[in-house]
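Trainee: Could you have a look at this structure, given as structure tokens, before my questions?
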Amino acid sequence: MSLLALALAWLLGTALQLQQPRLWAPVVDAALLLGAPLLWLSWRWARSSRLVGRWRLLFMALALGGAAALGAANAGLQARARLADALPPALERQAVELTGVVAELPQDSAEGLRFILAVEGARTPDGAPAAVPSRVSLSWSRSGPDEPALSSPGVELRAGQRWRLWARLQAPHALLNPHGFDGELWLFERGLRATGSVRGEPAQPRLLAEGQCCDVERARQSVREAIAAQVSDPRAAGVLAALAVGDQAAIERADWSLYRASGTAHLMAISGLHITMFAWLAAQAGGALWRRSAALCLWLPTPWAARALGVLLAAAYALLAGWGVPSQRTVWMLGCAALLHLLGARWPWPLVLGAAAVVVSALDPWALLQAGFWLSFAAVGLLMASEPAQPAAVARVDIDADAPPGPARRALALLRGAVRTQLVATVGLAPLTLLLFQQFSVVGLLANLVAIPLVTLAVTPLALLGVLWAPLWSVAAVLLLALNAVLAWLVGLPGAVWITGVAPGWAQWAALLAGVLAVAPLPWRLRLLAVPLLLPVALPPPSRPAPGFFEVVAADVGQGNAVLVRTHASVLVYDSGPRYGPGRDAGERVLVPLLQALGERRVDTLVISHRDMDHAGGAASLLRALPVGELRSSLEAGHALLAAGVAHQRCEAGQRWERDGVRFAVLHPRASDYAVANARPNALSCVLQVTDAAGRRLLLSGDIGAAQEAALLAADAAALRSALLLVPHHGSGGSSSPAFLDAVAPEVAIVQAGHHNRFGHPAPDVVQRLRDRGIEMVQTPDCGAWRWRDGQSSCERLLRPRYWRHGLS
């Protein structure tokens, strides 16, 4: 148990380092490294038989402190090295000539390609050397006013090519919303310290050489292209590419939604399950072949050779699959367990897991922040913890008088073991799944009983063997399409997916305890305690404003508007954010996850201020994902959104309604504005004012310009006064006139705009006007999502600052 305590101390020290807003000074890291001799000496003294009582406890505490210090120092030194590989501020958004090699499999999409360039050299336009990060993530558009088209003759991007190209780089920056995906952490963990886009000026990209490196990546690309050529169905081809070479981006979004809802998403990418199963099969096959040679058995015992072969071939499979972070974690876990066994260490299962976790976190400290890390270790731990119950189950099969003899009995025992394993994993991981993803597939147990054997034992082997004989990919595609049909039927059942909001901290700890109790080899009376412990996370108590008051969440959606207004029992969404590209929009990527995390299961009112795609781009996804009570907009008759079957009312000044003591009023446009010939969509923006019981107001202004602001002033200037203002048209120079700002007189002005957007929003003149009036300006690129409640506001980027985030390192 003392070794396990040291492992836990290491993990705790690593976790504490990951909470830093900024890195400690280098001298602190140096001091922490002194934990190594402290750990060794304290450990030896603590195990000495000459020490007893409080002295033994003191030296054990020092040893634990040394392990924690080493974990923190290890993470800190790696973080410091990555932060040092940064883009100089002077090169931000500047054109730079890069020479480098395509280091990984390019990711294809309808818009173009995204690829990793290992930079060998960089120059500024005047020919001076430029210090840029060693690895950058670049996008190459298929078309655009300033970008070379990938459709140009002879342009084909492949792994291992050396290119000379011009790109505009920027430091990593991503959207940041409550309980949302941390894109900047994702880039940081992979050592990508700049992103950018390929440009066609001042010179076109130039291919310098083929096949300069990256043999594995080139092989992966060849396999992906061969699968696409063999399998006519693009959806099946995408899943096979994900299973064979780890190209998860090849799976279509509709399929990802199906797999997540059915609880089978872990099977459709190279996960720990695939690599573990591959290692087991490789060990069995390798051991069988090894056993046939007496000379080999004398040189190395078969069990040792089988385990070594299993780990080595699993590592080779992980390399072919792209050596992603989840694959790396699994290989290190397998390697650690195999090494301990080869050394003759018969450690208890918690210690084996602890040792593997130390190895994984030593190589990748940020793995502790990934859901896959905890799911992988929790799944293995739960199965090991419930292992004492297995012999009894097997014994019951052996003495079953009705069971047929021989192979049939063994098959029945295997089936029961598989069902038990899946049951333990499903029940035990349910609380963790709810905590990490706020949803749980009710049909997941049944779906996995079908999908696990089919995908693991048939589809994945066929996907790999297809490299040797391509027709096998067609067979695998048929099996996949059949599986998708079964999963679609299961997901279509009522109540197939349980979705909940984020639970408070105490409920999360109770849920974790529930997962352990549910599968532990304990009496049923104790196991039943898991039910009340799980209820608070399955049905978390809502955190809502009091009657008569409202909460505002200005989501971080990039260049667009999307604002949530929550009252005591209702939700209004004002605009739905932009459309990022084919099949990608703010509704699916930001608003739906955000609403679900807040515990919202429906939208009472959806207001689309006008038809522009930076305001209406996510509405279709929102309408598909959640029930919407009513739609209010300035959309023209025949617009696609009006065909969604939701009751629609055109915005007109004078409309008023009340929810939970909070008043809503439409101030613009007037009915006569719709009759104006060739009226621009911006001029018809729905302007909405929200007023609480204390008289505090929020003004949501869409994309109105100075002319519409003047009309509002002429109608009733005094009625515009509001404490909170969504700045018109993202802060463009043609809006936010001095007279309008004087009439509204907001305390806080929120600008929703994209980071380094091409429009230059907010305009310098608007920023100066706000400053001159002492108005606090909040910009979502710098703030992330902005929240306001009971007069208190917060920025997501500042609420939980971390050193890898933009502007905080």
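Residue numbering restarts at 1 for every chain of the structure tokens, chains are lettered A, B, ... in their displayed order, and ligands are numbered from 1 as they appear.
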Can you list, as number ranges by chain, every protein, DNA or RNA residue that comes within 6 Å of range 551-566 of chain A when you count only C-alpha atoms, leaving out same-chain residues fewer than 6 positions away?
Mentor: A: 175, 572-578, 614-615, 752-754, 780, 784-789
Trainee: Go ahead and write the residues just picked, all heavy atoms, as a short mmCIF file (atom, residue, chain, number, x, y, z; two decimals), in the first residue's frame.
Mentor:
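result29.cif was written with the following content:
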data_model
loop_
_atom_site.label_atom_id
_atom_site.label_comp_id
_atom_site.auth_asym_id
_atom_site.auth_seq_id
_atom_site.Cartn_x
_atom_site.Cartn_y
_atom_site.Cartn_z
N LEU A 175 -12.52 28.72 -29.07
CA LEU A 175 -13.70 29.11 -28.32
C LEU A 175 -13.66 28.49 -26.93
O LEU A 175 -13.14 27.39 -26.74
CB LEU A 175 -14.97 28.64 -29.05
CG LEU A 175 -15.13 29.07 -30.51
CD1 LEU A 175 -16.42 28.50 -31.09
CD2 LEU A 175 -15.08 30.57 -30.66
N LEU A 572 -34.78 31.64 -23.23
CA LEU A 572 -34.85 32.34 -24.51
C LEU A 572 -33.45 32.36 -25.12
O LEU A 572 -32.48 32.66 -24.43
CB LEU A 572 -35.38 33.76 -24.35
CG LEU A 572 -35.48 34.61 -25.62
CD1 LEU A 572 -36.73 35.49 -25.60
CD2 LEU A 572 -34.24 35.50 -25.80
N VAL A 573 -33.36 32.01 -26.39
CA VAL A 573 -32.10 32.07 -27.13
C VAL A 573 -32.21 33.15 -28.18
O VAL A 573 -33.11 33.09 -29.04
CB VAL A 573 -31.76 30.71 -27.79
CG1 VAL A 573 -30.48 30.83 -28.61
CG2 VAL A 573 -31.60 29.63 -26.73
N TYR A 574 -31.34 34.14 -28.08
CA TYR A 574 -31.32 35.24 -29.05
C TYR A 574 -30.18 35.01 -30.03
O TYR A 574 -29.01 35.11 -29.67
CB TYR A 574 -31.14 36.57 -28.32
CG TYR A 574 -31.13 37.79 -29.24
CD1 TYR A 574 -32.32 38.40 -29.61
CD2 TYR A 574 -29.94 38.30 -29.73
CE1 TYR A 574 -32.32 39.51 -30.44
CE2 TYR A 574 -29.92 39.41 -30.56
CZ TYR A 574 -31.12 40.01 -30.92
OH TYR A 574 -31.11 41.10 -31.74
N ASP A 575 -30.53 34.65 -31.25
CA ASP A 575 -29.60 34.30 -32.32
C ASP A 575 -28.88 32.99 -32.00
O ASP A 575 -28.76 32.57 -30.84
CB ASP A 575 -28.60 35.42 -32.61
CG ASP A 575 -29.24 36.53 -33.44
OD1 ASP A 575 -30.24 36.26 -34.12
OD2 ASP A 575 -28.74 37.67 -33.42
N SER A 576 -28.39 32.37 -33.06
CA SER A 576 -27.86 31.00 -32.91
C SER A 576 -26.42 30.86 -33.37
O SER A 576 -25.96 29.74 -33.58
CB SER A 576 -28.75 30.04 -33.71
OG SER A 576 -28.79 30.40 -35.08
N GLY A 577 -25.72 31.97 -33.54
CA GLY A 577 -24.31 31.88 -33.90
C GLY A 577 -24.09 31.57 -35.37
O GLY A 577 -25.03 31.37 -36.14
N PRO A 578 -22.84 31.51 -35.77
CA PRO A 578 -22.51 31.37 -37.20
C PRO A 578 -22.48 29.93 -37.68
O PRO A 578 -22.48 28.98 -36.91
CB PRO A 578 -21.12 31.99 -37.28
CG PRO A 578 -20.51 31.66 -35.96
CD PRO A 578 -21.63 31.74 -34.96
N ASP A 614 -24.23 34.58 -39.71
CA ASP A 614 -23.55 34.68 -38.42
C ASP A 614 -24.53 34.83 -37.26
O ASP A 614 -24.13 34.83 -36.10
CB ASP A 614 -22.53 35.84 -38.43
CG ASP A 614 -23.16 37.17 -38.75
OD1 ASP A 614 -24.22 37.19 -39.43
OD2 ASP A 614 -22.60 38.21 -38.36
N HIS A 615 -25.82 34.94 -37.59
CA HIS A 615 -26.86 35.01 -36.57
C HIS A 615 -27.81 33.82 -36.65
O HIS A 615 -28.34 33.38 -35.63
CB HIS A 615 -27.66 36.31 -36.73
CG HIS A 615 -26.85 37.54 -36.49
ND1 HIS A 615 -26.96 38.32 -35.37
CD2 HIS A 615 -25.88 38.13 -37.25
CE1 HIS A 615 -26.11 39.33 -35.43
NE2 HIS A 615 -25.44 39.24 -36.57
N GLN A 752 -19.69 40.49 -29.23
CA GLN A 752 -19.49 39.12 -29.70
C GLN A 752 -18.88 39.18 -31.09
O GLN A 752 -19.53 39.61 -32.05
CB GLN A 752 -20.81 38.34 -29.72
CG GLN A 752 -21.30 37.93 -28.35
CD GLN A 752 -22.52 37.03 -28.42
OE1 GLN A 752 -23.51 37.38 -29.03
NE2 GLN A 752 -22.45 35.88 -27.78
N ALA A 753 -17.64 38.77 -31.18
CA ALA A 753 -16.92 38.83 -32.45
C ALA A 753 -15.89 37.72 -32.50
O ALA A 753 -15.59 37.08 -31.48
CB ALA A 753 -16.25 40.19 -32.63
N GLY A 754 -15.33 37.49 -33.68
CA GLY A 754 -14.32 36.47 -33.85
C GLY A 754 -12.93 36.97 -33.51
O GLY A 754 -12.63 38.16 -33.67
N THR A 780 -15.84 38.77 -26.31
CA THR A 780 -15.80 37.32 -26.13
C THR A 780 -14.48 36.69 -26.58
O THR A 780 -14.11 35.66 -26.00
CB THR A 780 -16.99 36.67 -26.86
OG1 THR A 780 -17.04 37.14 -28.22
CG2 THR A 780 -18.29 36.99 -26.15
N GLY A 784 -14.01 34.77 -23.47
CA GLY A 784 -14.74 33.52 -23.59
C GLY A 784 -16.21 33.81 -23.35
O GLY A 784 -16.67 34.96 -23.52
N ALA A 785 -16.98 32.84 -22.97
CA ALA A 785 -18.40 33.09 -22.66
C ALA A 785 -18.50 34.04 -21.47
O ALA A 785 -17.75 33.92 -20.49
CB ALA A 785 -19.10 31.78 -22.36
N TRP A 786 -19.44 34.98 -21.56
CA TRP A 786 -19.66 35.96 -20.50
C TRP A 786 -20.99 35.66 -19.82
O TRP A 786 -22.01 35.44 -20.50
CB TRP A 786 -19.67 37.37 -21.08
CG TRP A 786 -19.91 38.46 -20.07
CD1 TRP A 786 -19.00 38.98 -19.19
CD2 TRP A 786 -21.14 39.16 -19.84
NE1 TRP A 786 -19.58 39.97 -18.43
CE2 TRP A 786 -20.90 40.11 -18.81
CE3 TRP A 786 -22.41 39.09 -20.40
CZ2 TRP A 786 -21.89 40.96 -18.33
CZ3 TRP A 786 -23.42 39.94 -19.93
CH2 TRP A 786 -23.14 40.87 -18.91
N ARG A 787 -20.98 35.62 -18.49
CA ARG A 787 -22.20 35.32 -17.73
C ARG A 787 -22.51 36.46 -16.77
O ARG A 787 -21.60 37.05 -16.16
CB ARG A 787 -22.05 34.01 -16.95
CG ARG A 787 -21.75 32.81 -17.81
CD ARG A 787 -21.64 31.53 -17.01
NE ARG A 787 -22.94 31.08 -16.51
CZ ARG A 787 -23.14 29.90 -15.95
NH1 ARG A 787 -22.12 29.06 -15.79
NH2 ARG A 787 -24.33 29.54 -15.52
N TRP A 788 -23.80 36.75 -16.63
CA TRP A 788 -24.27 37.79 -15.71
C TRP A 788 -25.47 37.28 -14.95
O TRP A 788 -26.40 36.71 -15.56
CB TRP A 788 -24.64 39.04 -16.50
CG TRP A 788 -25.12 40.20 -15.65
CD1 TRP A 788 -24.35 41.20 -15.13
CD2 TRP A 788 -26.46 40.47 -15.24
NE1 TRP A 788 -25.14 42.08 -14.41
CE2 TRP A 788 -26.44 41.64 -14.47
CE3 TRP A 788 -27.68 39.81 -15.44
CZ2 TRP A 788 -27.59 42.20 -13.89
CZ3 TRP A 788 -28.84 40.35 -14.87
CH2 TRP A 788 -28.78 41.54 -14.12
N ARG A 789 -25.43 37.47 -13.65
CA ARG A 789 -26.55 37.03 -12.81
C ARG A 789 -26.50 37.80 -11.49
O ARG A 789 -25.45 37.89 -10.86
CB ARG A 789 -26.47 35.53 -12.54
CG ARG A 789 -27.64 34.97 -11.73
CD ARG A 789 -27.59 33.45 -11.78
NE ARG A 789 -28.57 32.84 -10.91
CZ ARG A 789 -28.76 31.53 -10.79
NH1 ARG A 789 -28.02 30.71 -11.53
NH2 ARG A 789 -29.66 31.03 -9.98
#
Trainee: Excluding Gln107 in chain A and residues on its chain fewer than 2 positions from it, collect all residues at most 10 Å away from it, counting only C-alpha atoms, and give them as a list in words.
Mentor: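 Within the cut-off, the hits are Glu104, Leu105, Ser109, Gly112, Leu113, Arg114, Phe115, Ile116, Ser139, Gln221, Asp247, Gln248, Ala249 and Ala250 of chain A.
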Trainee: For the residues in that selection, give me all heavy atoms as a JSON list (two decimals), in the first residue's frame.
Mentor:
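Now in out-v1.json:
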[["chain", "number", "residue", "atom", "x", "y", "z"],
["A", 104, "GLU", "N", 2.02, 14.65, -40.63],
["A", 104, "GLU", "CA", 0.98, 13.70, -40.28],
["A", 104, "GLU", "C", -0.01, 13.58, -41.43],
["A", 104, "GLU", "O", 0.05, 14.34, -42.40],
["A", 104, "GLU", "CB", 0.25, 14.15, -39.00],
["A", 104, "GLU", "CG", 1.13, 14.14, -37.76],
["A", 104, "GLU", "CD", 0.37, 14.51, -36.51],
["A", 104, "GLU", "OE1", -0.88, 14.61, -36.57],
["A", 104, "GLU", "OE2", 1.01, 14.72, -35.46],
["A", 105, "LEU", "N", -0.92, 12.65, -41.27],
["A", 105, "LEU", "CA", -1.96, 12.41, -42.26],
["A", 105, "LEU", "C", -2.83, 13.65, -42.40],
["A", 105, "LEU", "O", -3.45, 14.09, -41.44],
["A", 105, "LEU", "CB", -2.81, 11.22, -41.82],
["A", 105, "LEU", "CG", -3.98, 10.81, -42.69],
["A", 105, "LEU", "CD1", -3.47, 10.17, -43.98],
["A", 105, "LEU", "CD2", -4.88, 9.83, -41.95],
["A", 109, "SER", "N", -11.74, 17.79, -45.75],
["A", 109, "SER", "CA", -13.11, 18.22, -45.49],
["A", 109, "SER", "C", -13.63, 18.92, -46.73],
["A", 109, "SER", "O", -12.89, 19.11, -47.71],
["A", 109, "SER", "CB", -13.16, 19.18, -44.29],
["A", 109, "SER", "OG", -12.59, 20.43, -44.62],
["A", 112, "GLY", "N", -11.53, 22.12, -47.39],
["A", 112, "GLY", "CA", -10.12, 22.02, -47.75],
["A", 112, "GLY", "C", -9.42, 21.00, -46.89],
["A", 112, "GLY", "O", -10.01, 20.04, -46.42],
["A", 113, "LEU", "N", -8.14, 21.25, -46.64],
["A", 113, "LEU", "CA", -7.33, 20.33, -45.85],
["A", 113, "LEU", "C", -6.77, 21.04, -44.63],
["A", 113, "LEU", "O", -6.51, 22.25, -44.65],
["A", 113, "LEU", "CB", -6.16, 19.80, -46.69],
["A", 113, "LEU", "CG", -6.49, 18.88, -47.87],
["A", 113, "LEU", "CD1", -5.23, 18.56, -48.65],
["A", 113, "LEU", "CD2", -7.14, 17.60, -47.38],
["A", 114, "ARG", "N", -6.58, 20.26, -43.57],
["A", 114, "ARG", "CA", -5.83, 20.73, -42.42],
["A", 114, "ARG", "C", -4.71, 19.74, -42.19],
["A", 114, "ARG", "O", -4.93, 18.53, -42.23],
["A", 114, "ARG", "CB", -6.71, 20.85, -41.18],
["A", 114, "ARG", "CG", -5.93, 21.32, -39.93],
["A", 114, "ARG", "CD", -6.84, 21.84, -38.87],
["A", 114, "ARG", "NE", -7.42, 23.13, -39.22],
["A", 114, "ARG", "CZ", -6.79, 24.29, -39.08],
["A", 114, "ARG", "NH1", -5.54, 24.33, -38.63],
["A", 114, "ARG", "NH2", -7.39, 25.41, -39.41],
["A", 115, "PHE", "N", -3.50, 20.25, -41.97],
["A", 115, "PHE", "CA", -2.34, 19.38, -41.83],
["A", 115, "PHE", "C", -1.34, 19.98, -40.86],
["A", 115, "PHE", "O", -1.40, 21.17, -40.53],
["A", 115, "PHE", "CB", -1.68, 19.14, -43.20],
["A", 115, "PHE", "CG", -1.12, 20.39, -43.85],
["A", 115, "PHE", "CD1", 0.22, 20.69, -43.79],
["A", 115, "PHE", "CD2", -1.97, 21.26, -44.54],
["A", 115, "PHE", "CE1", 0.73, 21.84, -44.39],
["A", 115, "PHE", "CE2", -1.47, 22.41, -45.15],
["A", 115, "PHE", "CZ", -0.12, 22.70, -45.08],
["A", 116, "ILE", "N", -0.43, 19.11, -40.40],
["A", 116, "ILE", "CA", 0.62, 19.53, -39.47],
["A", 116, "ILE", "C", 1.91, 19.69, -40.28],
["A", 116, "ILE", "O", 2.32, 18.77, -40.99],
["A", 116, "ILE", "CB", 0.84, 18.49, -38.36],
["A", 116, "ILE", "CG1", -0.49, 18.18, -37.66],
["A", 116, "ILE", "CG2", 1.89, 18.97, -37.37],
["A", 116, "ILE", "CD1", -1.17, 19.36, -37.04],
["A", 139, "SER", "N", -4.36, 25.27, -42.31],
["A", 139, "SER", "CA", -5.50, 24.94, -43.17],
["A", 139, "SER", "C", -5.20, 25.43, -44.58],
["A", 139, "SER", "O", -4.59, 26.49, -44.77],
["A", 139, "SER", "CB", -6.78, 25.60, -42.64],
["A", 139, "SER", "OG", -6.65, 27.01, -42.65],
["A", 221, "GLN", "N", -1.95, 7.15, -45.25],
["A", 221, "GLN", "CA", -2.69, 7.86, -46.29],
["A", 221, "GLN", "C", -3.00, 6.95, -47.47],
["A", 221, "GLN", "O", -4.10, 7.00, -48.03],
["A", 221, "GLN", "CB", -1.89, 9.08, -46.76],
["A", 221, "GLN", "CG", -2.66, 9.99, -47.70],
["A", 221, "GLN", "CD", -2.01, 11.34, -47.85],
["A", 221, "GLN", "OE1", -0.96, 11.62, -47.28],
["A", 221, "GLN", "NE2", -2.64, 12.21, -48.62],
["A", 247, "ASP", "N", -8.14, 7.48, -38.58],
["A", 247, "ASP", "CA", -8.59, 8.75, -39.13],
["A", 247, "ASP", "C", -10.01, 9.03, -38.66],
["A", 247, "ASP", "O", -10.98, 8.82, -39.39],
["A", 247, "ASP", "CB", -8.51, 8.72, -40.66],
["A", 247, "ASP", "CG", -8.85, 10.07, -41.28],
["A", 247, "ASP", "OD1", -8.89, 11.07, -40.54],
["A", 247, "ASP", "OD2", -9.08, 10.12, -42.51],
["A", 248, "GLN", "N", -10.15, 9.53, -37.44],
["A", 248, "GLN", "CA", -11.47, 9.75, -36.87],
["A", 248, "GLN", "C", -12.25, 10.82, -37.61],
["A", 248, "GLN", "O", -13.48, 10.81, -37.63],
["A", 248, "GLN", "CB", -11.35, 10.13, -35.39],
["A", 248, "GLN", "CG", -10.74, 9.04, -34.54],
["A", 248, "GLN", "CD", -10.76, 9.38, -33.06],
["A", 248, "GLN", "OE1", -11.66, 10.05, -32.58],
["A", 248, "GLN", "NE2", -9.75, 8.94, -32.33],
["A", 249, "ALA", "N", -11.53, 11.77, -38.23],
["A", 249, "ALA", "CA", -12.21, 12.83, -38.97],
["A", 249, "ALA", "C", -12.97, 12.29, -40.17],
["A", 249, "ALA", "O", -13.83, 12.98, -40.73],
["A", 249, "ALA", "CB", -11.20, 13.89, -39.42],
["A", 250, "ALA", "N", -12.66, 11.06, -40.60],
["A", 250, "ALA", "CA", -13.35, 10.48, -41.76],
["A", 250, "ALA", "C", -14.77, 10.03, -41.42],
["A", 250, "ALA", "O", -15.57, 9.82, -42.34],
["A", 250, "ALA", "CB", -12.54, 9.30, -42.30]]
Trainee: Measuring between only C-alpha atoms, which one of A:Ala86, A:Ala306, A:Ala714, A:Ala288 shows the shortest distance to Gln170 in chain A?
Mentor: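 The shortest atom-to-atom distance to Gln170 in chain A comes from A:Ala86.
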Trainee: To one decimal place, how far is CA of Phe549 in chain A from CA of Gly731 in chain A in Å?
Mentor: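 A separation of 27.4 Å between them.
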Trainee: Please return, as number ranges by chain, all residues of range 596-794 of chain A that DSSP assigns to helix (DSSP H, G or I) on the basis of the backbone.
Mentor: A: 596-597, 613-616, 619-625, 640-644, 671-675, 681-684, 706-720, 728-731, 738-744, 764-772, 780-783
Trainee: For each of A:Leu472, A:Ala318, A:Ala715, A:Asn177, take the minimum atom-to-atom distance to Gln230 in chain A, counting only C-alpha atoms, then give the residue where this is smallest.
Mentor: A:Leu472
Trainee: Which residues, written as a PyMOL selection string, have at least one atom at most 12 Å from Arg800 in chain A, with only C-alpha atoms counted and residues fewer than 4 positions away on the same chain left out?
Mentor: chain A and resi 18-22+176-179+182+783-785+794-796+804-805+808
Trainee: Using the selection just defined, write its residues with N, CA, C and O atoms as a tab-separated table (two decimals), in the first residue's frame.
Mentor:
chain	number	residue	atom	x	y	z
A	18	LEU	N	-1.33	21.21	-13.02
A	18	LEU	CA	-2.23	21.49	-14.14
A	18	LEU	C	-3.27	22.55	-13.80
A	18	LEU	O	-3.99	23.01	-14.68
A	19	GLN	N	-3.38	22.92	-12.53
A	19	GLN	CA	-4.33	23.95	-12.12
A	19	GLN	C	-3.70	25.34	-12.13
A	19	GLN	O	-4.39	26.32	-11.82
A	20	GLN	N	-2.46	25.47	-12.52
A	20	GLN	CA	-1.78	26.77	-12.44
A	20	GLN	C	-2.31	27.75	-13.48
A	20	GLN	O	-2.39	27.41	-14.66
A	21	PRO	N	-2.64	28.98	-13.07
A	21	PRO	CA	-2.98	30.01	-14.06
A	21	PRO	C	-1.76	30.39	-14.89
A	21	PRO	O	-1.86	30.59	-16.10
A	22	ARG	N	-0.62	30.47	-14.25
A	22	ARG	CA	0.66	30.73	-14.92
A	22	ARG	C	1.71	29.82	-14.29
A	22	ARG	O	1.59	29.45	-13.13
A	176	LEU	N	-14.21	29.21	-25.96
A	176	LEU	CA	-14.21	28.71	-24.58
A	176	LEU	C	-15.55	29.01	-23.94
A	176	LEU	O	-15.90	30.17	-23.73
A	177	ASN	N	-16.29	27.94	-23.64
A	177	ASN	CA	-17.62	28.06	-23.06
A	177	ASN	C	-17.74	27.18	-21.83
A	177	ASN	O	-16.97	26.22	-21.67
A	178	PRO	N	-18.68	27.47	-20.92
A	178	PRO	CA	-18.82	26.65	-19.71
A	178	PRO	C	-19.04	25.18	-20.04
A	178	PRO	O	-19.88	24.84	-20.87
A	179	HIS	N	-18.22	24.33	-19.42
A	179	HIS	CA	-18.31	22.88	-19.57
A	179	HIS	C	-18.08	22.43	-21.01
A	179	HIS	O	-18.45	21.32	-21.38
A	182	ASP	N	-12.07	22.24	-24.54
A	182	ASP	CA	-10.94	23.16	-24.43
A	182	ASP	C	-10.00	22.92	-25.61
A	182	ASP	O	-9.09	22.10	-25.55
A	783	CYS	N	-12.66	37.18	-23.40
A	783	CYS	CA	-13.38	36.76	-22.19
A	783	CYS	C	-13.81	35.30	-22.25
A	783	CYS	O	-13.94	34.64	-21.23
A	784	GLY	N	-14.01	34.77	-23.47
A	784	GLY	CA	-14.74	33.52	-23.59
A	784	GLY	C	-16.21	33.81	-23.35
A	784	GLY	O	-16.67	34.96	-23.52
A	785	ALA	N	-16.98	32.84	-22.97
A	785	ALA	CA	-18.40	33.09	-22.66
A	785	ALA	C	-18.50	34.04	-21.47
A	785	ALA	O	-17.75	33.92	-20.49
A	794	SER	N	-18.99	37.33	-14.97
A	794	SER	CA	-17.75	36.56	-14.99
A	794	SER	C	-17.41	36.19	-16.42
A	794	SER	O	-18.29	36.04	-17.27
A	795	CYS	N	-16.12	36.06	-16.67
A	795	CYS	CA	-15.61	35.60	-17.96
A	795	CYS	C	-15.09	34.17	-17.81
A	795	CYS	O	-14.33	33.88	-16.88
A	796	GLU	N	-15.48	33.30	-18.71
A	796	GLU	CA	-15.05	31.91	-18.63
A	796	GLU	C	-13.55	31.78	-18.73
A	796	GLU	O	-12.93	30.95	-18.06
A	804	TRP	N	-1.93	27.30	-20.45
A	804	TRP	CA	-1.89	26.99	-21.88
A	804	TRP	C	-2.88	27.83	-22.68
A	804	TRP	O	-2.90	27.74	-23.89
A	805	ARG	N	-3.70	28.62	-22.01
A	805	ARG	CA	-4.71	29.38	-22.73
A	805	ARG	C	-4.16	30.69	-23.27
A	805	ARG	O	-3.21	31.26	-22.72
A	808	LEU	N	-2.54	33.99	-21.42
A	808	LEU	CA	-2.30	33.77	-19.99
A	808	LEU	C	-0.93	33.15	-19.71
A	808	LEU	O	-0.55	33.01	-18.56
